[in-house]
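I have placed the structure first, in the form of structure tokens, so that the comments after it can refer back to it.
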Amino acid sequence: MSRRPAIHDAEPHVVTSHGADFFGEDRHLVKELVGLAAWVTNSVPYVDRKTVAPLVALLERPEARTFPAADAARVSEQLLKVSRIRQLKPRASALARALADAAARAAADGDVWEWRVEAA
């Protein structure tokens, strides 16, 4: 038997629409999104960093936001590119892929892609 407590404190997380669960939502820890921001920045050449700057800003400081379908499609492409980086750890790659899939579903449906932050 472990002496480590089984109950952990709740951590803030981001809930995105068009997710893969039964309710059409995905939940991601804020600290994991912040860690993904550096990978997004380094996934493009220095000259093209302006193209990913809005996404990086959102990942570094997650907040409630809605993306129109066109923006969701662009974000999906950027996150898919990040998820395919060979050096990226599997958990971070899965996070980028899950976000990319949700954004792609929102864009394909012509809906807005929504983010909301739920505190602990």
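FYI, nothing fancy with the structure tokens labels: chains A, B, ... in order, residues from 1 per chain, ligands from 1 as they appear.
Summary of the local environment: counting only C-alpha atoms, residues at most 8 Å from Gly19 of chain A, other than itself and those fewer than 4 positions away along its chain, are Phe23, Gly24, Glu25, Asp26, Ala98, Asp101 and Ala102 of chain A.
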Those selected residues, please, written with N, CA, C and O atoms and delivered as an mmCIF file, in the first residue's frame.
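Heads up, here's the output in part-v8.cif:
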```cif
data_model
loop_
_atom_site.group_PDB
_atom_site.id
_atom_site.type_symbol
_atom_site.label_atom_id
_atom_site.label_comp_id
_atom_site.auth_asym_id
_atom_site.auth_seq_id
_atom_site.Cartn_x
_atom_site.Cartn_y
_atom_site.Cartn_z
ATOM 1 N N PHE A 23 -19.924 14.550 -24.421
ATOM 2 C CA PHE A 23 -20.546 15.867 -24.420
ATOM 3 C C PHE A 23 -19.950 16.804 -25.470
ATOM 4 O O PHE A 23 -20.353 17.952 -25.574
ATOM 5 N N GLY A 24 -18.964 16.330 -26.217
ATOM 6 C CA GLY A 24 -18.334 17.165 -27.235
ATOM 7 C C GLY A 24 -17.364 18.173 -26.661
ATOM 8 O O GLY A 24 -17.203 19.261 -27.209
ATOM 9 N N GLU A 25 -16.726 17.814 -25.553
ATOM 10 C CA GLU A 25 -15.771 18.709 -24.907
ATOM 11 C C GLU A 25 -14.481 17.947 -24.610
ATOM 12 O O GLU A 25 -14.485 16.736 -24.459
ATOM 13 N N ASP A 26 -13.400 18.691 -24.523
ATOM 14 C CA ASP A 26 -12.121 18.155 -24.065
ATOM 15 C C ASP A 26 -11.653 19.022 -22.916
ATOM 16 O O ASP A 26 -11.861 20.237 -22.920
ATOM 17 N N ALA A 98 -4.950 16.480 -30.006
ATOM 18 C CA ALA A 98 -6.334 16.599 -29.541
ATOM 19 C C ALA A 98 -6.883 17.992 -29.805
ATOM 20 O O ALA A 98 -8.025 18.152 -30.246
ATOM 21 N N ASP A 101 -7.454 18.321 -33.585
ATOM 22 C CA ASP A 101 -8.656 17.604 -34.024
ATOM 23 C C ASP A 101 -9.928 18.360 -33.656
ATOM 24 O O ASP A 101 -10.857 18.446 -34.461
ATOM 25 N N ALA A 102 -9.970 18.915 -32.445
ATOM 26 C CA ALA A 102 -11.155 19.670 -32.026
ATOM 27 C C ALA A 102 -11.334 20.918 -32.888
ATOM 28 O O ALA A 102 -12.447 21.244 -33.309
#
```
Q.
Just list as an MDAnalysis selection string whatever in chain A DSSP marks as alpha helix (DSSP H).
A. chainID A and resid 30:42 49:60 69:83 90:109
Q | Exercise: Arg84 of chain A partners within 12 Å, only C-alpha atoms, chain neighbours under 6 positions left out, as a PyMOL selection string | A | chain A and resi 39-40+43+77-78+90+92-97+100
Write out the residues from the selection above, keeping N, CA, C and O atoms, as a PDB file, in the first residue's frame.
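Written file, out_1.pdb:
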```pdb
ATOM      1  N   TRP A  39       6.872  24.775 -27.765  1.00  0.00           N
ATOM      2  CA  TRP A  39       6.956  23.898 -28.942  1.00  0.00           C
ATOM      3  C   TRP A  39       6.299  24.544 -30.156  1.00  0.00           C
ATOM      4  O   TRP A  39       6.779  24.401 -31.284  1.00  0.00           O
ATOM      5  N   VAL A  40       5.201  25.237 -29.936  1.00  0.00           N
ATOM      6  CA  VAL A  40       4.537  25.934 -31.045  1.00  0.00           C
ATOM      7  C   VAL A  40       5.452  27.013 -31.597  1.00  0.00           C
ATOM      8  O   VAL A  40       5.596  27.164 -32.811  1.00  0.00           O
ATOM      9  N   SER A  43       8.241  25.528 -33.684  1.00  0.00           N
ATOM     10  CA  SER A  43       7.840  24.693 -34.821  1.00  0.00           C
ATOM     11  C   SER A  43       7.909  25.430 -36.150  1.00  0.00           C
ATOM     12  O   SER A  43       7.832  24.809 -37.204  1.00  0.00           O
ATOM     13  N   GLU A  77      -4.205  23.568 -38.329  1.00  0.00           N
ATOM     14  CA  GLU A  77      -3.022  23.258 -39.141  1.00  0.00           C
ATOM     15  C   GLU A  77      -1.736  23.481 -38.358  1.00  0.00           C
ATOM     16  O   GLU A  77      -0.807  22.673 -38.427  1.00  0.00           O
ATOM     17  N   GLN A  78      -1.679  24.574 -37.594  1.00  0.00           N
ATOM     18  CA  GLN A  78      -0.477  24.870 -36.811  1.00  0.00           C
ATOM     19  C   GLN A  78      -0.256  23.820 -35.724  1.00  0.00           C
ATOM     20  O   GLN A  78       0.866  23.342 -35.525  1.00  0.00           O
ATOM     21  N   PRO A  90       5.518  12.248 -26.072  1.00  0.00           N
ATOM     22  CA  PRO A  90       4.212  11.705 -26.478  1.00  0.00           C
ATOM     23  C   PRO A  90       3.013  12.403 -25.846  1.00  0.00           C
ATOM     24  O   PRO A  90       2.004  12.619 -26.503  1.00  0.00           O
ATOM     25  N   ALA A  92       2.739  15.565 -24.791  1.00  0.00           N
ATOM     26  CA  ALA A  92       2.566  16.883 -25.408  1.00  0.00           C
ATOM     27  C   ALA A  92       2.081  16.746 -26.848  1.00  0.00           C
ATOM     28  O   ALA A  92       1.269  17.542 -27.320  1.00  0.00           O
ATOM     29  N   SER A  93       2.575  15.737 -27.542  1.00  0.00           N
ATOM     30  CA  SER A  93       2.133  15.490 -28.913  1.00  0.00           C
ATOM     31  C   SER A  93       0.647  15.130 -28.943  1.00  0.00           C
ATOM     32  O   SER A  93      -0.097  15.597 -29.811  1.00  0.00           O
ATOM     33  N   ALA A  94       0.217  14.315 -28.001  1.00  0.00           N
ATOM     34  CA  ALA A  94      -1.196  13.947 -27.930  1.00  0.00           C
ATOM     35  C   ALA A  94      -2.070  15.157 -27.609  1.00  0.00           C
ATOM     36  O   ALA A  94      -3.181  15.286 -28.143  1.00  0.00           O
ATOM     37  N   LEU A  95      -1.567  16.046 -26.762  1.00  0.00           N
ATOM     38  CA  LEU A  95      -2.301  17.268 -26.445  1.00  0.00           C
ATOM     39  C   LEU A  95      -2.456  18.145 -27.684  1.00  0.00           C
ATOM     40  O   LEU A  95      -3.555  18.624 -27.990  1.00  0.00           O
ATOM     41  N   ALA A  96      -1.367  18.339 -28.412  1.00  0.00           N
ATOM     42  CA  ALA A  96      -1.426  19.147 -29.634  1.00  0.00           C
ATOM     43  C   ALA A  96      -2.370  18.508 -30.651  1.00  0.00           C
ATOM     44  O   ALA A  96      -3.146  19.207 -31.315  1.00  0.00           O
ATOM     45  N   ARG A  97      -2.336  17.189 -30.754  1.00  0.00           N
ATOM     46  CA  ARG A  97      -3.195  16.489 -31.710  1.00  0.00           C
ATOM     47  C   ARG A  97      -4.665  16.598 -31.303  1.00  0.00           C
ATOM     48  O   ARG A  97      -5.551  16.798 -32.148  1.00  0.00           O
ATOM     49  N   ALA A 100      -5.779  20.045 -32.135  1.00  0.00           N
ATOM     50  CA  ALA A 100      -5.889  20.181 -33.587  1.00  0.00           C
ATOM     51  C   ALA A 100      -7.151  19.500 -34.111  1.00  0.00           C
ATOM     52  O   ALA A 100      -7.847  20.050 -34.974  1.00  0.00           O
TER      53      ALA A 100
END
```
Q: For Thr41 of chain A, work out the shell of residues within 7 Å, counting only C-alpha atoms and skipping chain neighbours fewer than 6 positions away, then give it as a VMD selection string.
A: chain A and resid 49 52 56
Q: Taking the DSSP assignment computed from this structure's backbone, write out as a PyMOL selection string all residues of chain A that belong to strand (DSSP E or B).
A: chain A and resi 13-17+25-29+65-67+113-118
Got time to write the residues from that selection, C-alpha atoms, as a compact mmCIF listing (two decimals), in the first residue's frame?
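For reference, result-v2.txt as written:
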```txt
# COMPACT_ATOMS: atom_id res chain seq x y z
CA HIS A 13 -8.06 23.47 -16.79
CA VAL A 14 -9.35 24.59 -20.15
CA VAL A 15 -12.50 23.10 -21.65
CA THR A 16 -12.68 23.19 -25.45
CA SER A 17 -15.72 22.61 -27.60
CA GLU A 25 -15.77 18.71 -24.91
CA ASP A 26 -12.12 18.15 -24.06
CA ARG A 27 -10.42 19.14 -20.81
CA HIS A 28 -6.75 20.07 -20.73
CA LEU A 29 -4.64 21.22 -17.79
CA ARG A 65 -12.22 32.76 -26.12
CA THR A 66 -14.07 31.83 -29.30
CA PHE A 67 -12.42 31.19 -32.65
CA TRP A 113 -14.45 26.83 -31.50
CA GLU A 114 -14.88 27.81 -27.87
CA TRP A 115 -12.44 27.76 -24.96
CA ARG A 116 -13.40 28.33 -21.35
CA VAL A 117 -11.20 28.22 -18.28
CA GLU A 118 -12.45 26.45 -15.18
```
(Q) At a cut-off of 8 Å, using only C-alpha atoms, what residues contact Ala73 of chain A? Leave out same-chain residues fewer than 2 positions from it and give the result as a ChimeraX atom specification. (A) /A:69-71,75-77,103-104,106-107
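Relative to atom CA of Phe22 of chain A, atom CA of Arg105 of chain A is found at 14.5 Å.
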**Q.** Given only C-alpha atoms as the counted atoms, nearest of A:His18, A:Asp48, A:Glu63, A:Leu55 to Asp111 of chain A
**A.** A:His18
Q. Quick one: of A:Arg74, A:Val34, A:Glu11, A:Pro68, who's nearest to Thr51 of chain A, counting only C-alpha atoms?
A. A:Arg74
**Q.** Among listed residues A:Pro5, A:Pro62, A:Pro12, A:Gly110, nearest Leu36 of chain A (using only C-alpha atoms)
**A.** A:Pro62
